[in-house]
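Student: I'd like to ask some things about the structure below.
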Amino acid sequence: MPSARAVGAALSPPWSAFVAVFLYYVALTLVAIGGAGLSDLFVAVSYMLPVAAYLGFLVHRSLRALAGAPVELWPASDVVLH
């Protein structure tokens, strides 16, 4: 069972990505407050884009971890019962 620290490290984004997403949301909020007249669909997609990118990042990280895991296709010789 992985520790809470290991799970937290696996789920946490890099600091630069966190700062970039924060600035992205600040810019979107300033545009929305400025009354740019954006459509609801554009706003919804714009706000969900970083979430989708982060989910893609987690899937990519998970697949890389699974690809590095050892795979045994046959049981070890000492486990085989005669």
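Each chain in the structure tokens gets a letter, A, B, ..., in the order shown, and its residues are numbered from 1; ligands are numbered from 1 in order too.
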Mind listing the alpha helix (DSSP H) residues of chain A, per DSSP on the backbone, as an MDAnalysis selection string?
Tutor: chainID A and resid 4:11 15:33 40:67
Student: Restricting the calculation to only C-alpha atoms: of A:Val51, A:Ile33, A:Ala4, A:Val43, which residue gets closest to Ala17 (chain A)?
Tutor: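 Using only C-alpha atoms, Ala17 (chain A) sits closest to A:Val51.
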Student: Skip Leu11 (chain A) itself and residues of its chain fewer than 4 positions away, then list as a PyMOL selection string all residues within 10 Å of it, counting only C-alpha atoms.
Tutor: chain A and resi 5-7+54-55+57-58+61
Student: In Å, rounded to a single decimal, give me how far CA of Leu49 (chain A) is from CA of Tyr24 (chain A).
Tutor: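 CA of Leu49 (chain A) lies 10.3 Å from CA of Tyr24 (chain A).
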Student: Tell me which protein, DNA and RNA residues are within 12 Å of Tyr25 (chain A), counting only C-alpha atoms, leaving out same-chain ones fewer than 3 positions away, and put them as a PyMOL selection string.
Tutor: chain A and resi 18-22+28-32+43+46-51
Student: Write out the residues from the selection above, keeping N, CA, C and O atoms, as a tab-separated table (two decimals), in the first residue's frame.
Tutor:
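After the write, result.tsv holds the following:
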chain	number	residue	atom	x	y	z
A	18	PHE	N	1.33	24.67	-12.15
A	18	PHE	CA	0.39	25.29	-11.23
A	18	PHE	C	0.36	26.80	-11.43
A	18	PHE	O	-0.72	27.41	-11.49
A	19	VAL	N	1.51	27.41	-11.55
A	19	VAL	CA	1.59	28.87	-11.76
A	19	VAL	C	0.98	29.25	-13.10
A	19	VAL	O	0.23	30.23	-13.20
A	20	ALA	N	1.25	28.46	-14.13
A	20	ALA	CA	0.69	28.76	-15.46
A	20	ALA	C	-0.83	28.68	-15.45
A	20	ALA	O	-1.52	29.55	-16.02
A	21	VAL	N	-1.39	27.67	-14.79
A	21	VAL	CA	-2.84	27.53	-14.73
A	21	VAL	C	-3.45	28.66	-13.89
A	21	VAL	O	-4.50	29.20	-14.24
A	22	PHE	N	-2.78	29.05	-12.82
A	22	PHE	CA	-3.27	30.16	-12.01
A	22	PHE	C	-3.33	31.45	-12.84
A	22	PHE	O	-4.35	32.16	-12.82
A	28	LEU	N	-8.54	34.70	-17.65
A	28	LEU	CA	-9.93	34.42	-18.04
A	28	LEU	C	-10.92	35.21	-17.19
A	28	LEU	O	-11.93	35.72	-17.69
A	29	THR	N	-10.63	35.31	-15.91
A	29	THR	CA	-11.51	36.06	-15.02
A	29	THR	C	-11.51	37.54	-15.38
A	29	THR	O	-12.57	38.18	-15.39
A	30	LEU	N	-10.34	38.09	-15.67
A	30	LEU	CA	-10.27	39.50	-16.06
A	30	LEU	C	-11.02	39.76	-17.37
A	30	LEU	O	-11.70	40.78	-17.51
A	31	VAL	N	-10.94	38.83	-18.31
A	31	VAL	CA	-11.68	38.97	-19.57
A	31	VAL	C	-13.18	38.89	-19.30
A	31	VAL	O	-13.97	39.68	-19.86
A	32	ALA	N	-13.59	37.98	-18.44
A	32	ALA	CA	-15.02	37.83	-18.13
A	32	ALA	C	-15.55	39.05	-17.39
A	32	ALA	O	-16.66	39.51	-17.65
A	43	VAL	N	-16.78	29.99	-22.55
A	43	VAL	CA	-16.34	30.11	-21.16
A	43	VAL	C	-16.21	28.73	-20.52
A	43	VAL	O	-15.22	28.44	-19.83
A	46	SER	N	-13.19	27.00	-21.98
A	46	SER	CA	-11.97	27.67	-21.52
A	46	SER	C	-11.63	27.31	-20.08
A	46	SER	O	-10.46	27.13	-19.74
A	47	TYR	N	-12.63	27.21	-19.24
A	47	TYR	CA	-12.37	26.88	-17.84
A	47	TYR	C	-12.10	25.39	-17.64
A	47	TYR	O	-11.43	25.01	-16.69
A	48	MET	N	-12.59	24.52	-18.52
A	48	MET	CA	-12.36	23.08	-18.37
A	48	MET	C	-11.09	22.62	-19.08
A	48	MET	O	-10.62	21.49	-18.85
A	49	LEU	N	-10.50	23.45	-19.92
A	49	LEU	CA	-9.30	23.07	-20.66
A	49	LEU	C	-8.13	22.68	-19.75
A	49	LEU	O	-7.52	21.62	-19.96
A	50	PRO	N	-7.80	23.46	-18.71
A	50	PRO	CA	-6.72	23.01	-17.82
A	50	PRO	C	-7.04	21.72	-17.07
A	50	PRO	O	-6.15	20.91	-16.81
A	51	VAL	N	-8.30	21.51	-16.73
A	51	VAL	CA	-8.69	20.28	-16.04
A	51	VAL	C	-8.47	19.09	-16.96
A	51	VAL	O	-7.93	18.05	-16.54
Student: Just the number, please: distance in Å from CA of Pro2 (chain A) to CA of His60 (chain A), one decimal.
Tutor: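 These two atoms are separated by 19.4 Å.
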